[in-house]
>>> print(open('protein_29.cif').read())   # mmCIF, C-alpha atoms
data_my_file
#
loop_
_atom_site.label_atom_id
_atom_site.label_comp_id
_atom_site.auth_asym_id
_atom_site.auth_seq_id
_atom_site.Cartn_x
_atom_site.Cartn_y
_atom_site.Cartn_z
CA MET Y 7 0.50 -32.68 -0.11
CA ASP Y 8 -0.52 -36.29 0.42
CA ILE Y 9 1.69 -38.69 2.35
CA LEU Y 10 1.41 -42.46 2.37
CA VAL Y 11 2.94 -44.09 5.44
CA ILE Y 12 3.89 -47.77 5.26
CA GLY Y 13 5.04 -49.66 8.32
CA ARG Y 14 4.61 -52.98 10.01
CA GLY Y 15 3.25 -51.88 13.37
CA PRO Y 16 -0.37 -50.69 13.20
CA SER Y 17 -0.01 -48.48 16.27
CA VAL Y 18 3.16 -46.84 14.92
CA VAL Y 19 1.56 -46.20 11.54
CA GLU Y 20 -1.55 -44.73 13.18
CA SER Y 21 0.54 -42.55 15.47
CA GLY Y 22 2.62 -41.31 12.53
CA ILE Y 23 -0.51 -40.48 10.56
CA ALA Y 24 -2.01 -38.62 13.52
CA GLN Y 25 1.18 -36.59 14.01
CA LEU Y 26 1.40 -35.74 10.30
CA ARG Y 27 -2.23 -34.64 10.26
CA ALA Y 28 -1.70 -32.54 13.40
CA GLN Y 29 0.95 -30.63 11.44
CA GLY Y 30 -1.51 -29.97 8.62
CA PHE Y 31 -0.47 -32.71 6.21
CA SER Y 32 -2.83 -35.11 4.49
CA ALA Y 33 -1.76 -38.63 5.42
CA HIS Y 34 -2.97 -42.19 5.24
CA GLY Y 35 -1.24 -45.48 5.84
CA ALA Y 36 -0.86 -49.16 5.24
CA ILE Y 37 0.78 -52.07 7.01
CA ALA Y 38 0.68 -54.48 4.06
CA ASP Y 39 2.64 -54.10 0.85
CA ASP Y 40 -0.38 -54.87 -1.33
CA ASP Y 41 -2.38 -52.07 0.28
CA ALA Y 42 0.49 -49.59 -0.13
CA LEU Y 43 1.05 -50.60 -3.76
CA ALA Y 44 -2.67 -50.25 -4.51
CA ALA Y 45 -2.71 -46.79 -2.89
CA LEU Y 46 0.26 -45.70 -5.00
CA ASP Y 47 -1.61 -46.83 -8.12
CA ALA Y 48 -4.98 -45.36 -7.17
CA GLU Y 49 -4.44 -42.18 -5.20
CA PRO Y 50 -2.44 -39.03 -5.75
CA VAL Y 51 0.53 -39.44 -3.41
CA ASP Y 52 3.35 -36.92 -3.10
CA TYR Y 53 5.49 -38.73 -0.53
CA LEU Y 54 5.94 -42.32 0.55
CA LEU Y 55 7.26 -42.62 4.11
CA ILE Y 56 8.68 -46.09 4.65
CA GLY Y 57 9.04 -47.23 8.25
CA GLY Y 58 12.24 -48.76 9.55
CA GLY Y 59 10.63 -52.16 10.09
CA VAL Y 60 9.77 -52.65 6.42
CA GLU Y 61 11.89 -55.48 5.05
CA SER Y 62 14.44 -54.75 2.30
CA ASP Y 63 12.62 -56.75 -0.41
CA SER Y 64 9.38 -54.91 0.34
CA ARG Y 65 11.23 -51.61 0.57
CA ASP Y 66 12.76 -52.13 -2.88
CA LEU Y 67 9.37 -53.00 -4.39
CA LEU Y 68 7.70 -49.96 -2.83
CA ILE Y 69 10.46 -47.60 -3.92
CA LYS Y 70 10.27 -48.90 -7.48
CA LYS Y 71 6.49 -48.35 -7.57
CA ALA Y 72 6.86 -44.87 -6.06
CA GLU Y 73 9.44 -43.94 -8.69
CA GLN Y 74 7.07 -45.09 -11.46
CA HIS Y 75 4.51 -42.59 -10.17
CA GLY Y 76 6.94 -39.75 -9.48
CA VAL Y 77 6.45 -40.08 -5.72
CA SER Y 78 9.27 -38.91 -3.46
CA VAL Y 79 10.43 -41.43 -0.87
CA ILE Y 80 11.50 -40.85 2.72
CA GLU Y 81 13.03 -43.92 4.38
CA ALA Y 82 12.85 -43.96 8.15
CA ASN Y 83 16.02 -44.26 10.13
CA ARG Y 84 14.97 -43.41 13.66
CA LYS Y 85 18.38 -44.19 15.19
CA GLY Y 86 16.80 -45.02 18.54
CA ARG Y 87 14.62 -41.89 18.62
CA ASP Y 88 10.95 -42.06 19.47
CA LEU Y 89 8.56 -41.52 16.59
CA GLU Y 90 7.66 -37.94 17.51
CA THR Y 91 11.30 -36.86 17.73
CA TYR Y 92 12.15 -38.58 14.46
CA LEU Y 93 9.28 -36.87 12.66
CA GLN Y 94 10.16 -33.46 14.15
CA GLU Y 95 13.86 -33.75 13.31
CA GLU Y 96 13.84 -35.57 9.98
CA VAL Y 97 10.47 -35.68 8.25
CA PHE Y 98 8.68 -32.41 8.98
CA PRO Y 99 11.60 -30.23 7.79
CA VAL Y 100 11.66 -32.08 4.45
CA LEU Y 101 7.90 -31.79 4.01
CA ARG Y 102 7.78 -28.12 5.03
CA ALA Y 103 10.52 -27.27 2.54
CA LYS Y 104 8.35 -28.69 -0.25
CA ARG Y 105 5.15 -26.82 0.66
#
>>> encode(input="protein_29.cif", output="structure tokens")
Amino acid sequence: MDILVIGRGPSVVESGIAQLRAQGFSAHGAIADDDALAALDAEPVDYLLIGGGVESDSRDLLIKKAEQHGVSVIEANRKGRDLETYLQEEVFPVLRAKR
């Protein structure tokens, strides 16, 4: 299962990728829309994880592209939680259910 993480903060994206990989998932990331769109076109991606800081116009564009490729989308809503807690509570259960 390959996961593409898009966010605006390089350190947050890198941390998310590291945590996904530590759980056995294949993950890569982008901080720019153009890079994420190119990855959706070029690479086999199963999930697109969109960070909470991604603007609504960008979010809409990314979701549309993901849908064109049959990629499932997870939109971050951390609700004040740190990244690790958010991933443990919201993202990993979804990904594990699809393994």
>>> resolve_selection(input="protein_29.cif", expression="the PyMOL selection byres ((chain Y and resi 101) around 10)", output="compact mmCIF listing (two decimals) with C-alpha atoms, keeping the file's coordinate frame")
# COMPACT_ATOMS: atom_id res chain seq x y z
CA MET Y 7 0.50 -32.68 -0.11
CA ILE Y 9 1.69 -38.69 2.35
CA LEU Y 26 1.40 -35.74 10.30
CA PHE Y 31 -0.47 -32.71 6.21
CA ASP Y 52 3.35 -36.92 -3.10
CA TYR Y 53 5.49 -38.73 -0.53
CA ILE Y 80 11.50 -40.85 2.72
CA GLU Y 96 13.84 -35.57 9.98
CA VAL Y 97 10.47 -35.68 8.25
CA PHE Y 98 8.68 -32.41 8.98
CA PRO Y 99 11.60 -30.23 7.79
CA VAL Y 100 11.66 -32.08 4.45
CA ARG Y 102 7.78 -28.12 5.03
CA ALA Y 103 10.52 -27.27 2.54
CA LYS Y 104 8.35 -28.69 -0.25
CA ARG Y 105 5.15 -26.82 0.66
>>> resolve_selection(input="protein_29.cif", expression="the PyMOL selection byres ((chain Y and resi 49) around 12)", output="PyMOL selection string")
chain Y and resi 7-10+33-35+41-48+50-54+72+75+77
>>> residues_near_point(input="protein_29.cif", point="(2.6, -51.5, 1.2)", cutoff="7 Å", atoms="all atoms listed in the file", output="short mmCIF file (atom, residue, chain, number, x, y, z; two decimals) with C-alpha atoms, in the frame of the given file")
data_model
loop_
_atom_site.label_atom_id
_atom_site.label_comp_id
_atom_site.auth_asym_id
_atom_site.auth_seq_id
_atom_site.Cartn_x
_atom_site.Cartn_y
_atom_site.Cartn_z
CA ILE Y 12 3.89 -47.77 5.26
CA ALA Y 36 -0.86 -49.16 5.24
CA ILE Y 37 0.78 -52.07 7.01
CA ALA Y 38 0.68 -54.48 4.06
CA ASP Y 39 2.64 -54.10 0.85
CA ASP Y 40 -0.38 -54.87 -1.33
CA ASP Y 41 -2.38 -52.07 0.28
CA ALA Y 42 0.49 -49.59 -0.13
CA LEU Y 43 1.05 -50.60 -3.76
CA LEU Y 68 7.70 -49.96 -2.83
#
>>> axis_aligned_box(input="protein_29.cif", around="stretch 14-23 of chain Y", padding_each_side="3 Å", output="JSON")
{"center_x": 1.5, "center_y": -46.7, "center_z": 13.1, "size_x": 12.2, "size_y": 18.5, "size_z": 12.3}
>>> resolve_selection(input="protein_29.cif", expression="the PyMOL selection byres ((chain Y and resi 25) around 12)", output="PyMOL selection string")
chain Y and resi 9+11+18-24+26-34+89-94+97-98
>>> write_last_selection(input="protein_29.cif", atoms="C-alpha atoms", output="mmCIF file, keeping the file's coordinate frame")
data_model
loop_
_atom_site.group_PDB
_atom_site.id
_atom_site.type_symbol
_atom_site.label_atom_id
_atom_site.label_comp_id
_atom_site.auth_asym_id
_atom_site.auth_seq_id
_atom_site.Cartn_x
_atom_site.Cartn_y
_atom_site.Cartn_z
ATOM 1 C CA ILE Y 9 1.690 -38.690 2.350
ATOM 2 C CA VAL Y 11 2.940 -44.090 5.440
ATOM 3 C CA VAL Y 18 3.160 -46.840 14.920
ATOM 4 C CA VAL Y 19 1.560 -46.200 11.540
ATOM 5 C CA GLU Y 20 -1.550 -44.730 13.180
ATOM 6 C CA SER Y 21 0.540 -42.550 15.470
ATOM 7 C CA GLY Y 22 2.620 -41.310 12.530
ATOM 8 C CA ILE Y 23 -0.510 -40.480 10.560
ATOM 9 C CA ALA Y 24 -2.010 -38.620 13.520
ATOM 10 C CA LEU Y 26 1.400 -35.740 10.300
ATOM 11 C CA ARG Y 27 -2.230 -34.640 10.260
ATOM 12 C CA ALA Y 28 -1.700 -32.540 13.400
ATOM 13 C CA GLN Y 29 0.950 -30.630 11.440
ATOM 14 C CA GLY Y 30 -1.510 -29.970 8.620
ATOM 15 C CA PHE Y 31 -0.470 -32.710 6.210
ATOM 16 C CA SER Y 32 -2.830 -35.110 4.490
ATOM 17 C CA ALA Y 33 -1.760 -38.630 5.420
ATOM 18 C CA HIS Y 34 -2.970 -42.190 5.240
ATOM 19 C CA LEU Y 89 8.560 -41.520 16.590
ATOM 20 C CA GLU Y 90 7.660 -37.940 17.510
ATOM 21 C CA THR Y 91 11.300 -36.860 17.730
ATOM 22 C CA TYR Y 92 12.150 -38.580 14.460
ATOM 23 C CA LEU Y 93 9.280 -36.870 12.660
ATOM 24 C CA GLN Y 94 10.160 -33.460 14.150
ATOM 25 C CA VAL Y 97 10.470 -35.680 8.250
ATOM 26 C CA PHE Y 98 8.680 -32.410 8.980
#
>>> atom_distance(input="protein_29.cif", atom1="atom CA of Y:Ala82", atom2="atom CA of Y:Arg65")
10.9 Å
>>> atom_distance(input="protein_29.cif", atom1="atom CA of Y:Gly57", atom2="atom CA of Y:Glu95")
15.2 Å
>>> atom_distance(input="protein_29.cif", atom1="atom CA of Y:Lys70", atom2="atom CA of Y:Arg87")
27.4 Å
>>> decode(input="protein_29.cif", residues="chain Y", atoms="C-alpha atoms", output="mmCIF file, in the first residue's frame")
data_model
loop_
_atom_site.group_PDB
_atom_site.id
_atom_site.type_symbol
_atom_site.label_atom_id
_atom_site.label_comp_id
_atom_site.auth_asym_id
_atom_site.auth_seq_id
_atom_site.Cartn_x
_atom_site.Cartn_y
_atom_site.Cartn_z
ATOM 1 C CA MET Y 7 0.000 0.000 0.000
ATOM 2 C CA ASP Y 8 1.531 3.303 -1.070
ATOM 3 C CA ILE Y 9 0.631 6.540 0.682
ATOM 4 C CA LEU Y 10 1.291 10.033 -0.607
ATOM 5 C CA VAL Y 11 1.410 12.672 2.128
ATOM 6 C CA ILE Y 12 0.875 16.311 1.164
ATOM 7 C CA GLY Y 13 1.351 19.098 3.657
ATOM 8 C CA ARG Y 14 2.819 22.544 3.914
ATOM 9 C CA GLY Y 15 5.361 22.015 6.670
ATOM 10 C CA PRO Y 16 8.407 20.024 5.533
ATOM 11 C CA SER Y 17 9.164 18.779 9.040
ATOM 12 C CA VAL Y 18 5.568 17.631 9.589
ATOM 13 C CA VAL Y 19 5.491 15.832 6.243
ATOM 14 C CA GLU Y 20 8.824 14.135 6.956
ATOM 15 C CA SER Y 21 7.697 13.124 10.435
ATOM 16 C CA GLY Y 22 4.443 11.711 9.056
ATOM 17 C CA ILE Y 23 6.311 9.729 6.419
ATOM 18 C CA ALA Y 24 8.726 8.358 9.026
ATOM 19 C CA GLN Y 25 5.858 7.291 11.295
ATOM 20 C CA LEU Y 26 3.978 5.639 8.423
ATOM 21 C CA ARG Y 27 7.106 3.757 7.365
ATOM 22 C CA ALA Y 28 7.752 2.668 10.960
ATOM 23 C CA GLN Y 29 4.333 1.000 10.866
ATOM 24 C CA GLY Y 30 5.250 -0.874 7.691
ATOM 25 C CA PHE Y 31 3.584 1.348 5.122
ATOM 26 C CA SER Y 32 5.212 2.652 1.972
ATOM 27 C CA ALA Y 33 5.030 6.442 2.066
ATOM 28 C CA HIS Y 34 6.420 9.480 0.328
ATOM 29 C CA GLY Y 35 5.483 13.117 0.459
ATOM 30 C CA ALA Y 36 5.277 16.531 -1.090
ATOM 31 C CA ILE Y 37 4.876 20.075 0.144
ATOM 32 C CA ALA Y 38 3.960 21.605 -3.222
ATOM 33 C CA ASP Y 39 0.777 20.907 -5.148
ATOM 34 C CA ASP Y 40 2.637 20.415 -8.435
ATOM 35 C CA ASP Y 41 4.817 17.706 -6.898
ATOM 36 C CA ALA Y 42 1.807 15.924 -5.393
ATOM 37 C CA LEU Y 43 -0.150 16.119 -8.656
ATOM 38 C CA ALA Y 44 2.836 14.753 -10.597
ATOM 39 C CA ALA Y 45 3.194 11.883 -8.107
ATOM 40 C CA LEU Y 46 -0.495 11.020 -8.477
ATOM 41 C CA ASP Y 47 -0.028 10.894 -12.250
ATOM 42 C CA ALA Y 48 3.242 8.971 -12.239
ATOM 43 C CA GLU Y 49 3.262 6.579 -9.312
ATOM 44 C CA PRO Y 50 0.894 3.930 -8.029
ATOM 45 C CA VAL Y 51 -0.716 5.571 -5.002
ATOM 46 C CA ASP Y 52 -3.390 3.924 -2.871
ATOM 47 C CA TYR Y 53 -4.014 6.745 -0.400
ATOM 48 C CA LEU Y 54 -3.569 10.489 -0.429
ATOM 49 C CA LEU Y 55 -3.191 11.944 3.069
ATOM 50 C CA ILE Y 56 -3.865 15.679 2.978
ATOM 51 C CA GLY Y 57 -2.525 17.714 5.878
ATOM 52 C CA GLY Y 58 -4.670 20.200 7.735
ATOM 53 C CA GLY Y 59 -2.636 23.175 6.514
ATOM 54 C CA VAL Y 60 -3.381 22.542 2.843
ATOM 55 C CA GLU Y 61 -5.567 25.352 1.556
ATOM 56 C CA SER Y 62 -9.117 24.582 0.361
ATOM 57 C CA ASP Y 63 -8.433 25.391 -3.319
ATOM 58 C CA SER Y 64 -5.401 23.098 -3.306
ATOM 59 C CA ARG Y 65 -7.315 20.467 -1.361
ATOM 60 C CA ASP Y 66 -10.109 20.459 -3.953
ATOM 61 C CA LEU Y 67 -7.625 20.131 -6.819
ATOM 62 C CA LEU Y 68 -5.779 17.271 -5.126
ATOM 63 C CA ILE Y 69 -8.976 15.413 -4.282
ATOM 64 C CA LYS Y 70 -10.194 15.723 -7.866
ATOM 65 C CA LYS Y 71 -6.903 14.320 -9.200
ATOM 66 C CA ALA Y 72 -6.958 11.492 -6.643
ATOM 67 C CA GLU Y 73 -10.500 10.564 -7.656
ATOM 68 C CA GLN Y 74 -9.434 10.431 -11.329
ATOM 69 C CA HIS Y 75 -6.855 7.804 -10.380
ATOM 70 C CA GLY Y 76 -9.042 5.850 -7.955
ATOM 71 C CA VAL Y 77 -6.957 6.971 -4.979
ATOM 72 C CA SER Y 78 -8.638 7.060 -1.572
ATOM 73 C CA VAL Y 79 -8.300 10.334 0.318
ATOM 74 C CA ILE Y 80 -7.788 10.915 4.022
ATOM 75 C CA GLU Y 81 -8.119 14.557 5.071
ATOM 76 C CA ALA Y 82 -6.332 15.475 8.271
ATOM 77 C CA ASN Y 83 -8.298 16.966 11.096
ATOM 78 C CA ARG Y 84 -5.934 16.789 14.042
ATOM 79 C CA LYS Y 85 -8.247 18.679 16.413
ATOM 80 C CA GLY Y 86 -5.303 19.925 18.465
ATOM 81 C CA ARG Y 87 -3.655 16.498 18.707
ATOM 82 C CA ASP Y 88 0.018 16.022 18.001
ATOM 83 C CA LEU Y 89 0.877 14.261 14.762
ATOM 84 C CA GLU Y 90 1.690 10.908 16.362
ATOM 85 C CA THR Y 91 -1.593 10.772 18.275
ATOM 86 C CA TYR Y 92 -3.571 11.788 15.205
ATOM 87 C CA LEU Y 93 -1.952 9.080 13.099
ATOM 88 C CA GLN Y 94 -2.472 6.441 15.809
ATOM 89 C CA GLU Y 95 -6.120 7.347 16.384
ATOM 90 C CA GLU Y 96 -7.333 8.249 12.904
ATOM 91 C CA VAL Y 97 -5.042 7.152 10.085
ATOM 92 C CA PHE Y 98 -3.473 3.842 11.089
ATOM 93 C CA PRO Y 99 -6.837 2.164 11.845
ATOM 94 C CA VAL Y 100 -8.120 3.108 8.370
ATOM 95 C CA LEU Y 101 -4.964 1.865 6.665
ATOM 96 C CA ARG Y 102 -4.815 -1.372 8.667
ATOM 97 C CA ALA Y 103 -8.433 -2.149 7.815
ATOM 98 C CA LYS Y 104 -7.530 -1.995 4.113
ATOM 99 C CA ARG Y 105 -4.468 -4.263 4.285
#
